[in-house]
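What's in data-v2.csv: CSV, C-alpha atoms
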```csv
chain,number,residue,atom,x,y,z
S,145,MET,CA,78.0,40.1,33.4
S,146,GLY,CA,76.6,43.6,33.0
S,147,VAL,CA,73.0,42.4,32.6
S,148,SER,CA,71.2,41.5,35.8
S,149,LEU,CA,69.8,38.1,36.4
S,150,VAL,CA,66.3,39.4,36.6
S,151,VAL,CA,66.6,41.1,33.2
S,152,ARG,CA,68.1,38.0,31.7
S,153,LEU,CA,65.3,35.8,33.1
S,154,SER,CA,62.7,38.1,31.8
S,155,ALA,CA,64.2,37.8,28.3
S,156,PHE,CA,64.5,34.0,28.8
S,157,SER,CA,60.9,33.6,29.9
S,158,ALA,CA,58.9,36.7,29.5
S,159,GLY,CA,56.1,37.4,31.9
S,160,LEU,CA,56.9,34.3,34.0
S,161,ALA,CA,55.3,34.4,37.5
S,162,LEU,CA,56.8,32.0,40.0
S,163,ALA,CA,56.4,31.1,43.6
S,164,PHE,CA,58.0,29.7,46.7
S,165,VAL,CA,56.5,28.7,50.1
S,166,SER,CA,57.6,26.9,53.2
S,167,VAL,CA,56.5,23.5,54.2
S,168,ALA,CA,57.2,22.9,57.9
S,169,SER,CA,59.4,19.9,58.8
S,170,GLY,CA,57.2,18.9,61.7
S,171,ALA,CA,60.1,19.1,64.2
S,172,GLU,CA,59.4,20.8,67.5
S,173,ALA,CA,62.6,22.8,67.4
S,174,ALA,CA,63.5,24.9,64.4
S,175,PRO,CA,66.7,23.7,62.6
S,176,ALA,CA,69.8,25.8,62.7
S,177,ILE,CA,69.7,27.2,59.2
S,178,VAL,CA,72.6,29.6,58.5
S,179,SER,CA,72.3,32.4,56.0
S,180,ARG,CA,75.6,33.2,54.2
S,181,VAL,CA,75.0,36.7,52.9
S,182,THR,CA,76.7,38.2,49.9
S,183,ASP,CA,75.7,41.9,49.5
S,184,ALA,CA,77.1,42.6,46.1
S,185,THR,CA,75.1,45.8,45.7
S,186,ALA,CA,72.8,47.7,47.9
S,187,ASP,CA,70.1,47.8,45.3
S,188,GLY,CA,70.5,44.5,43.6
S,189,PRO,CA,67.8,41.8,43.5
S,190,VAL,CA,67.4,39.7,46.7
S,191,VAL,CA,68.3,36.1,45.8
S,192,VAL,CA,68.1,33.0,48.0
S,193,ALA,CA,69.8,29.7,47.4
S,194,ILE,CA,68.3,26.4,48.7
S,195,GLY,CA,70.4,23.3,48.5
S,196,ASP,CA,73.1,21.0,49.8
S,197,SER,CA,76.8,21.1,50.6
S,198,ILE,CA,77.8,21.6,47.0
S,199,MET,CA,75.7,24.7,46.7
S,200,GLU,CA,76.9,25.8,50.1
S,201,GLY,CA,80.6,25.5,49.1
S,202,HIS,CA,81.6,22.9,51.6
S,203,GLY,CA,85.3,23.1,52.6
S,204,LEU,CA,85.7,26.5,50.9
S,205,ASP,CA,85.3,30.1,51.8
S,206,PRO,CA,81.5,30.9,51.3
S,207,SER,CA,82.4,33.4,48.6
S,208,ASP,CA,83.7,30.5,46.5
S,209,ALA,CA,80.3,28.7,46.3
S,210,TRP,CA,78.8,28.9,42.8
S,211,PRO,CA,75.7,31.0,43.9
S,212,ALA,CA,78.1,33.5,45.5
S,213,LEU,CA,80.2,33.7,42.4
S,214,LEU,CA,77.1,34.5,40.3
S,215,ALA,CA,76.0,37.0,43.0
S,216,GLY,CA,79.3,38.9,42.7
S,217,GLU,CA,79.0,39.1,39.0
S,218,ASP,CA,75.3,40.0,38.8
S,219,GLY,CA,75.1,42.3,41.8
S,220,TRP,CA,72.8,40.1,43.9
S,221,ARG,CA,72.0,40.4,47.5
S,222,LEU,CA,72.4,36.7,48.1
S,223,SER,CA,71.4,34.6,51.1
S,224,ASN,CA,72.8,31.1,50.7
S,225,LEU,CA,70.7,28.8,52.9
S,226,ALA,CA,72.2,25.6,51.5
S,227,SER,CA,73.6,23.1,54.1
S,228,ASP,CA,75.6,19.9,54.4
S,229,GLY,CA,73.6,16.7,54.1
S,230,SER,CA,70.2,18.2,53.2
S,231,GLY,CA,67.8,17.0,50.5
S,232,PHE,CA,64.1,17.1,49.8
S,233,VAL,CA,63.7,14.0,52.0
S,234,THR,CA,67.0,13.7,53.8
S,235,VAL,CA,67.6,15.6,57.0
S,236,GLY,CA,71.0,17.4,56.9
S,237,ASP,CA,73.6,18.1,59.5
S,238,ASN,CA,71.7,21.2,60.8
S,239,GLY,CA,68.5,19.2,61.2
S,240,ASP,CA,67.0,20.7,58.0
S,241,THR,CA,65.5,19.5,54.8
S,242,PHE,CA,64.9,21.7,51.7
S,243,ALA,CA,61.4,22.4,53.1
S,244,ASP,CA,63.0,24.0,56.2
S,245,GLN,CA,65.3,26.1,54.0
S,246,VAL,CA,62.3,27.2,52.1
S,247,HIS,CA,60.6,28.3,55.3
S,248,ALA,CA,63.6,30.5,56.0
S,249,ALA,CA,63.7,31.8,52.4
S,250,VAL,CA,60.1,33.0,52.4
S,251,SER,CA,60.8,35.5,55.2
S,252,LEU,CA,63.6,37.1,53.1
S,253,HIS,CA,61.1,38.1,50.3
S,254,PRO,CA,63.4,37.2,47.5
S,255,ALA,CA,63.1,38.2,43.8
S,256,VAL,CA,64.8,35.1,42.8
S,257,VAL,CA,65.2,31.6,44.4
S,258,ILE,CA,67.6,28.9,43.3
S,259,VAL,CA,66.9,25.3,44.2
S,260,SER,CA,68.5,22.0,43.1
S,261,GLY,CA,68.0,18.3,43.6
S,262,SER,CA,70.6,16.6,45.6
S,263,SER,CA,72.6,13.3,45.8
S,264,ASN,CA,71.8,13.4,49.5
S,265,ASP,CA,68.5,11.8,48.7
S,266,LEU,CA,70.1,8.8,47.0
S,267,GLY,CA,68.9,5.6,48.6
S,268,GLU,CA,65.5,7.1,49.6
S,269,SER,CA,62.3,5.8,48.0
S,270,ASP,CA,61.8,7.2,44.5
S,271,ALA,CA,58.1,7.8,45.4
S,272,ALA,CA,59.0,9.7,48.6
S,273,ILE,CA,61.5,11.9,46.8
S,274,ALA,CA,59.0,12.7,44.0
S,275,ARG,CA,56.3,13.5,46.6
S,276,ALA,CA,58.6,15.7,48.6
S,277,THR,CA,59.9,17.5,45.5
S,278,ASP,CA,56.4,18.1,44.0
S,279,GLY,CA,54.9,19.1,47.4
S,280,ALA,CA,57.7,21.6,48.2
S,281,LEU,CA,57.7,23.3,44.8
S,282,THR,CA,53.9,23.3,44.5
S,283,ALA,CA,53.6,24.9,47.9
S,284,LEU,CA,56.4,27.4,47.1
S,285,ARG,CA,54.4,28.9,44.3
S,286,ALA,CA,51.7,30.1,46.7
S,287,ALA,CA,54.1,31.9,49.0
S,288,LEU,CA,56.1,34.2,46.6
S,289,PRO,CA,53.9,34.5,43.5
S,290,HIS,CA,56.2,37.2,41.9
S,291,ALA,CA,59.6,35.6,42.6
S,292,GLU,CA,61.6,33.9,39.9
S,293,ILE,CA,62.5,30.2,40.6
S,294,LEU,CA,65.5,28.5,39.0
S,295,ALA,CA,65.4,24.8,39.4
S,296,VAL,CA,68.9,23.5,38.7
S,297,SER,CA,69.7,19.9,37.9
S,298,PRO,CA,71.7,18.0,40.7
S,299,VAL,CA,75.5,18.0,40.5
S,300,TRP,CA,77.5,14.8,40.7
S,301,ASN,CA,81.3,14.1,40.9
S,302,ASP,CA,83.7,13.1,38.2
S,303,THR,CA,82.3,9.6,37.8
S,304,ALA,CA,79.2,8.2,36.0
S,305,GLU,CA,76.0,9.8,37.3
S,306,PRO,CA,73.8,7.2,39.2
S,307,ASP,CA,70.5,6.3,37.7
S,308,GLN,CA,68.6,7.4,40.7
S,309,LEU,CA,70.2,10.9,40.5
S,310,ARG,CA,68.8,11.2,37.0
S,311,THR,CA,65.4,10.3,38.5
S,312,ILE,CA,65.8,12.9,41.1
S,313,GLY,CA,66.7,15.5,38.4
S,314,ALA,CA,63.6,14.4,36.4
S,315,ASP,CA,61.4,14.9,39.5
S,316,VAL,CA,62.8,18.5,39.8
S,317,VAL,CA,62.1,19.2,36.2
S,318,THR,CA,58.5,17.8,36.4
S,319,ALA,CA,57.7,19.8,39.6
S,320,ALA,CA,59.3,23.0,38.2
S,321,ARG,CA,57.4,22.8,34.9
S,322,THR,CA,54.2,22.2,36.8
S,323,ILE,CA,54.5,25.4,38.7
S,324,GLY,CA,55.9,27.4,35.7
S,325,ALA,CA,59.4,27.6,37.1
S,326,ILE,CA,62.6,27.7,34.9
S,327,ASP,CA,64.3,24.3,34.9
S,328,LEU,CA,68.0,24.5,34.1
S,329,ASP,CA,69.8,21.3,33.0
S,330,ILE,CA,73.5,22.0,33.5
S,331,GLY,CA,74.5,18.4,32.7
S,332,GLN,CA,77.4,17.1,34.8
S,333,PRO,CA,80.1,19.8,34.6
S,334,LEU,CA,82.5,17.9,36.8
S,335,ASP,CA,82.3,14.6,34.8
S,336,GLY,CA,85.8,13.2,34.2
S,337,GLN,CA,87.6,16.1,36.0
S,338,ARG,CA,88.9,14.7,39.2
S,339,ASP,CA,91.2,17.7,39.6
S,340,LEU,CA,88.0,19.9,40.2
S,341,LEU,CA,87.2,17.9,43.3
S,342,GLN,CA,88.5,18.1,46.9
S,343,ALA,CA,90.1,15.1,48.5
S,344,ASP,CA,86.8,13.6,49.5
S,345,ASP,CA,85.9,13.1,45.8
S,346,VAL,CA,82.5,14.7,46.5
S,347,HIS,CA,82.8,18.4,46.9
S,348,PRO,CA,84.1,20.8,44.2
S,349,THR,CA,87.3,22.8,44.6
S,350,ALA,CA,87.0,26.6,44.1
S,351,GLU,CA,87.8,25.9,40.4
S,352,GLY,CA,85.1,23.3,40.3
S,353,GLN,CA,82.6,25.8,41.8
S,354,ALA,CA,83.5,28.2,39.0
S,355,VAL,CA,82.9,25.5,36.4
S,356,ILE,CA,79.4,24.9,37.9
S,357,ALA,CA,78.7,28.7,37.9
S,358,ALA,CA,79.7,28.8,34.2
S,359,ALA,CA,77.4,25.9,33.4
S,360,VAL,CA,74.5,27.7,35.1
S,361,GLU,CA,75.2,30.8,33.0
S,362,ARG,CA,75.2,28.7,29.8
S,363,ALA,CA,71.9,27.1,30.8
S,364,LEU,CA,70.4,30.5,31.2
S,365,GLY,CA,71.2,31.2,27.6
S,366,ARG,CA,74.4,33.2,27.6
S,367,PRO,CA,78.1,32.4,28.0
S,368,ALA,CA,79.8,33.0,31.3
S,369,ALA,CA,82.1,36.0,31.4
```
I need this file expressed as structure tokens, please.
Amino acid sequence: MGVSLVVRLSAFSAGLALAFVSVASGAEAAPAIVSRVTDATADGPVVVAIGDSIMEGHGLDPSDAWPALLAGEDGWRLSNLASDGSGFVTVGDNGDTFADQVHAAVSLHPAVVIVSGSSNDLGESDAAIARATDGALTALRAALPHAEILAVSPVWNDTAEPDQLRTIGADVVTAARTIGAIDLDIGQPLDGQRDLLQADDVHPTAEGQAVIAAAVERALGRPAA
């Protein structure tokens, strides 16, 4: 992947101005958000990933997570803020929602931000998820008006995608388009491929993470290397 992500996005959506901002969680103590840094090049674009345990690379070396795989290929300076259990509504293991991760992301002054819906919000009210998704992305636009935002569809396992997860993905698309972000529908790249999942049947193996990374590349309009 000799062409940088920023260049590819400019070709994909010329002149697009996007934004990211933090929405406070309301908790008195700040959640313990961990930044997993991949400095592929000293002068590459600063990229921040916001998401759940799949984006984090749960059970694997952090370098195997799909955002880190793309960072290594594209020369990003990546901070992966994704964490186990988090969603737009659902509080994760670190006490954070995606809004809290956004708060941490803004201080990093990224050129590109990646965010995805999550199965962690399954079982929550559809209305609450839609409000939280729209509220976060709308607010994000005001904080980083010159950053690129990639809104990636949520990833499921090897079984049929739940109806509510499709709704969650649709909420992300609606919010992303409202603020002028790039929405990337990567389908369900793990569908029917149990061998790409760890023993918990939830989290991708290293090979599964590579398949997700390739799906993101295709959604951006070019084949993965």
Find the residues near Gln245 (chain S): any atom within 9 Å, counting all atoms listed in the file, skip ones fewer than 2 places away on the same chain, and give them as a PDB file with C-alpha atoms, in the coordinates of the input.
```
ATOM      1  CA  SER S 166      57.600  26.900  53.200  1.00  0.00           C
ATOM      2  CA  ILE S 177      69.700  27.200  59.200  1.00  0.00           C
ATOM      3  CA  ALA S 193      69.800  29.700  47.400  1.00  0.00           C
ATOM      4  CA  ILE S 194      68.300  26.400  48.700  1.00  0.00           C
ATOM      5  CA  GLY S 195      70.400  23.300  48.500  1.00  0.00           C
ATOM      6  CA  LEU S 225      70.700  28.800  52.900  1.00  0.00           C
ATOM      7  CA  ALA S 226      72.200  25.600  51.500  1.00  0.00           C
ATOM      8  CA  SER S 227      73.600  23.100  54.100  1.00  0.00           C
ATOM      9  CA  ASP S 240      67.000  20.700  58.000  1.00  0.00           C
ATOM     10  CA  THR S 241      65.500  19.500  54.800  1.00  0.00           C
ATOM     11  CA  PHE S 242      64.900  21.700  51.700  1.00  0.00           C
ATOM     12  CA  ALA S 243      61.400  22.400  53.100  1.00  0.00           C
ATOM     13  CA  HIS S 247      60.600  28.300  55.300  1.00  0.00           C
ATOM     14  CA  ALA S 248      63.600  30.500  56.000  1.00  0.00           C
ATOM     15  CA  ALA S 249      63.700  31.800  52.400  1.00  0.00           C
ATOM     16  CA  VAL S 250      60.100  33.000  52.400  1.00  0.00           C
TER      17      VAL S 250
END
```
Give me, as a PyMOL selection string, all polymer residues having an atom no more than 9 Å from Ile312 (chain S), counting all atoms listed in the file and skipping those fewer than 4 positions away in the same chain.
chain S and resi 261-263+265-266+270+273-274+277+297-298+307-308+316-317
Length of the CA of Leu328 (chain S) to CA of Ala314 (chain S) vector [Å]:
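CA of Leu328 (chain S) sits 11.3 Å away from CA of Ala314 (chain S).
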What is the distance, in Å and to one decimal place, between CA of Gly336 (chain S) and CA of Ser207 (chain S)?
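According to the coordinates, CA of Gly336 (chain S) and CA of Ser207 (chain S) are separated by 25.0 Å.
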Go through S:Asp315, S:Val257, S:Ala286, S:Glu305 one by one, measure the shortest atom-to-atom distance of each to Ala271 (chain S) using all atoms listed in the file, and give the residue with the smallest value.
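Going through S:Asp315, S:Val257, S:Ala286, S:Glu305 one by one, the smallest distance to Ala271 (chain S) is for S:Asp315.
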Would you mind reading off the distance between CA of Val233 (chain S) and CA of Val178 (chain S), one decimal, in Å?
19.1 Å
From the list S:Gly203, S:Gly279, S:Gly324, S:Gly331, which residue is nearest Asn301 (chain S) when using all atoms listed in the file?
S:Gly331
Nearest to Ala359 (chain S) among S:Ala184, S:Leu214, S:Ile323, S:Leu284, with distances taken over only C-alpha atoms: which residue is it?
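The closest residue to Ala359 (chain S) is S:Leu214.
Here the question is which of S:Ala215, S:Ala272, S:Ile198, S:Leu294 gets nearest to Val346 (chain S) using all atoms listed in the file, and that residue is S:Ile198.
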Which one is closest to Asp208 (chain S): S:Asn224, S:Gly231, S:Arg362, S:Ala319? Count only C-alpha atoms.
S:Asn224
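Using only C-alpha atoms, the shortest contact distance between Ala255 (chain S) and any of S:Ser197, S:Ser179, S:Ser269, S:Ser223 is found at S:Ser223.
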N, CA and C atoms for region 201-226 of chain S, written as a PDB file, keeping the file's coordinate frame, could you do that?
```pdb
ATOM      1  N   GLY S 201      79.142  25.322  49.201  1.00  0.00           N
ATOM      2  CA  GLY S 201      80.600  25.500  49.100  1.00  0.00           C
ATOM      3  C   GLY S 201      81.358  24.863  50.172  1.00  0.00           C
ATOM      4  N   HIS S 202      80.960  23.633  50.505  1.00  0.00           N
ATOM      5  CA  HIS S 202      81.600  22.900  51.600  1.00  0.00           C
ATOM      6  C   HIS S 202      83.109  22.854  51.436  1.00  0.00           C
ATOM      7  N   GLY S 203      83.807  23.139  52.540  1.00  0.00           N
ATOM      8  CA  GLY S 203      85.300  23.100  52.600  1.00  0.00           C
ATOM      9  C   GLY S 203      85.946  24.314  51.995  1.00  0.00           C
ATOM     10  N   LEU S 204      85.170  25.292  51.547  1.00  0.00           N
ATOM     11  CA  LEU S 204      85.700  26.500  50.900  1.00  0.00           C
ATOM     12  C   LEU S 204      85.243  27.732  51.650  1.00  0.00           C
ATOM     13  N   ASP S 205      85.811  28.854  51.304  1.00  0.00           N
ATOM     14  CA  ASP S 205      85.300  30.100  51.800  1.00  0.00           C
ATOM     15  C   ASP S 205      83.864  30.278  51.143  1.00  0.00           C
ATOM     16  N   PRO S 206      82.871  30.765  51.903  1.00  0.00           N
ATOM     17  CA  PRO S 206      81.500  30.900  51.300  1.00  0.00           C
ATOM     18  C   PRO S 206      81.472  31.696  50.038  1.00  0.00           C
ATOM     19  N   SER S 207      82.411  32.596  49.841  1.00  0.00           N
ATOM     20  CA  SER S 207      82.400  33.400  48.600  1.00  0.00           C
ATOM     21  C   SER S 207      82.790  32.586  47.392  1.00  0.00           C
ATOM     22  N   ASP S 208      83.305  31.345  47.595  1.00  0.00           N
ATOM     23  CA  ASP S 208      83.700  30.500  46.500  1.00  0.00           C
ATOM     24  C   ASP S 208      82.529  29.603  45.994  1.00  0.00           C
ATOM     25  N   ALA S 209      81.418  29.537  46.742  1.00  0.00           N
ATOM     26  CA  ALA S 209      80.300  28.700  46.300  1.00  0.00           C
ATOM     27  C   ALA S 209      79.694  29.305  45.038  1.00  0.00           C
ATOM     28  N   TRP S 210      79.197  28.420  44.156  1.00  0.00           N
ATOM     29  CA  TRP S 210      78.800  28.900  42.800  1.00  0.00           C
ATOM     30  C   TRP S 210      77.676  29.972  42.905  1.00  0.00           C
ATOM     31  N   PRO S 211      76.686  29.896  43.828  1.00  0.00           N
ATOM     32  CA  PRO S 211      75.700  31.000  43.900  1.00  0.00           C
ATOM     33  C   PRO S 211      76.373  32.322  44.253  1.00  0.00           C
ATOM     34  N   ALA S 212      77.381  32.275  45.131  1.00  0.00           N
ATOM     35  CA  ALA S 212      78.100  33.500  45.500  1.00  0.00           C
ATOM     36  C   ALA S 212      78.892  34.067  44.360  1.00  0.00           C
ATOM     37  N   LEU S 213      79.458  33.186  43.535  1.00  0.00           N
ATOM     38  CA  LEU S 213      80.200  33.700  42.400  1.00  0.00           C
ATOM     39  C   LEU S 213      79.248  34.413  41.412  1.00  0.00           C
ATOM     40  N   LEU S 214      78.063  33.862  41.193  1.00  0.00           N
ATOM     41  CA  LEU S 214      77.100  34.500  40.300  1.00  0.00           C
ATOM     42  C   LEU S 214      76.617  35.846  40.994  1.00  0.00           C
ATOM     43  N   ALA S 215      76.470  35.827  42.321  1.00  0.00           N
ATOM     44  CA  ALA S 215      76.000  37.000  43.000  1.00  0.00           C
ATOM     45  C   ALA S 215      77.031  38.168  42.828  1.00  0.00           C
ATOM     46  N   GLY S 216      78.318  37.830  42.917  1.00  0.00           N
ATOM     47  CA  GLY S 216      79.300  38.900  42.700  1.00  0.00           C
ATOM     48  C   GLY S 216      79.342  39.446  41.359  1.00  0.00           C
ATOM     49  N   GLU S 217      79.047  38.618  40.364  1.00  0.00           N
ATOM     50  CA  GLU S 217      79.000  39.100  39.000  1.00  0.00           C
ATOM     51  C   GLU S 217      77.754  39.865  38.642  1.00  0.00           C
ATOM     52  N   ASP S 218      76.635  39.424  39.201  1.00  0.00           N
ATOM     53  CA  ASP S 218      75.300  40.000  38.800  1.00  0.00           C
ATOM     54  C   ASP S 218      74.802  41.038  39.783  1.00  0.00           C
ATOM     55  N   GLY S 219      75.517  41.285  40.888  1.00  0.00           N
ATOM     56  CA  GLY S 219      75.100  42.300  41.800  1.00  0.00           C
ATOM     57  C   GLY S 219      73.903  41.895  42.685  1.00  0.00           C
ATOM     58  N   TRP S 220      73.828  40.599  43.013  1.00  0.00           N
ATOM     59  CA  TRP S 220      72.800  40.100  43.900  1.00  0.00           C
ATOM     60  C   TRP S 220      73.010  40.445  45.326  1.00  0.00           C
ATOM     61  N   ARG S 221      71.951  40.528  46.093  1.00  0.00           N
ATOM     62  CA  ARG S 221      72.000  40.400  47.500  1.00  0.00           C
ATOM     63  C   ARG S 221      71.609  39.007  47.889  1.00  0.00           C
ATOM     64  N   LEU S 222      72.598  38.161  48.018  1.00  0.00           N
ATOM     65  CA  LEU S 222      72.400  36.700  48.100  1.00  0.00           C
ATOM     66  C   LEU S 222      72.352  36.249  49.575  1.00  0.00           C
ATOM     67  N   SER S 223      71.361  35.408  49.891  1.00  0.00           N
ATOM     68  CA  SER S 223      71.400  34.600  51.100  1.00  0.00           C
ATOM     69  C   SER S 223      71.459  33.167  50.731  1.00  0.00           C
ATOM     70  N   ASN S 224      72.567  32.520  51.044  1.00  0.00           N
ATOM     71  CA  ASN S 224      72.800  31.100  50.700  1.00  0.00           C
ATOM     72  C   ASN S 224      72.393  30.271  51.915  1.00  0.00           C
ATOM     73  N   LEU S 225      71.249  29.597  51.829  1.00  0.00           N
ATOM     74  CA  LEU S 225      70.700  28.800  52.900  1.00  0.00           C
ATOM     75  C   LEU S 225      71.128  27.324  52.841  1.00  0.00           C
ATOM     76  N   ALA S 226      71.844  26.960  51.771  1.00  0.00           N
ATOM     77  CA  ALA S 226      72.200  25.600  51.500  1.00  0.00           C
ATOM     78  C   ALA S 226      73.041  25.024  52.705  1.00  0.00           C
TER      79      ALA S 226
END
```
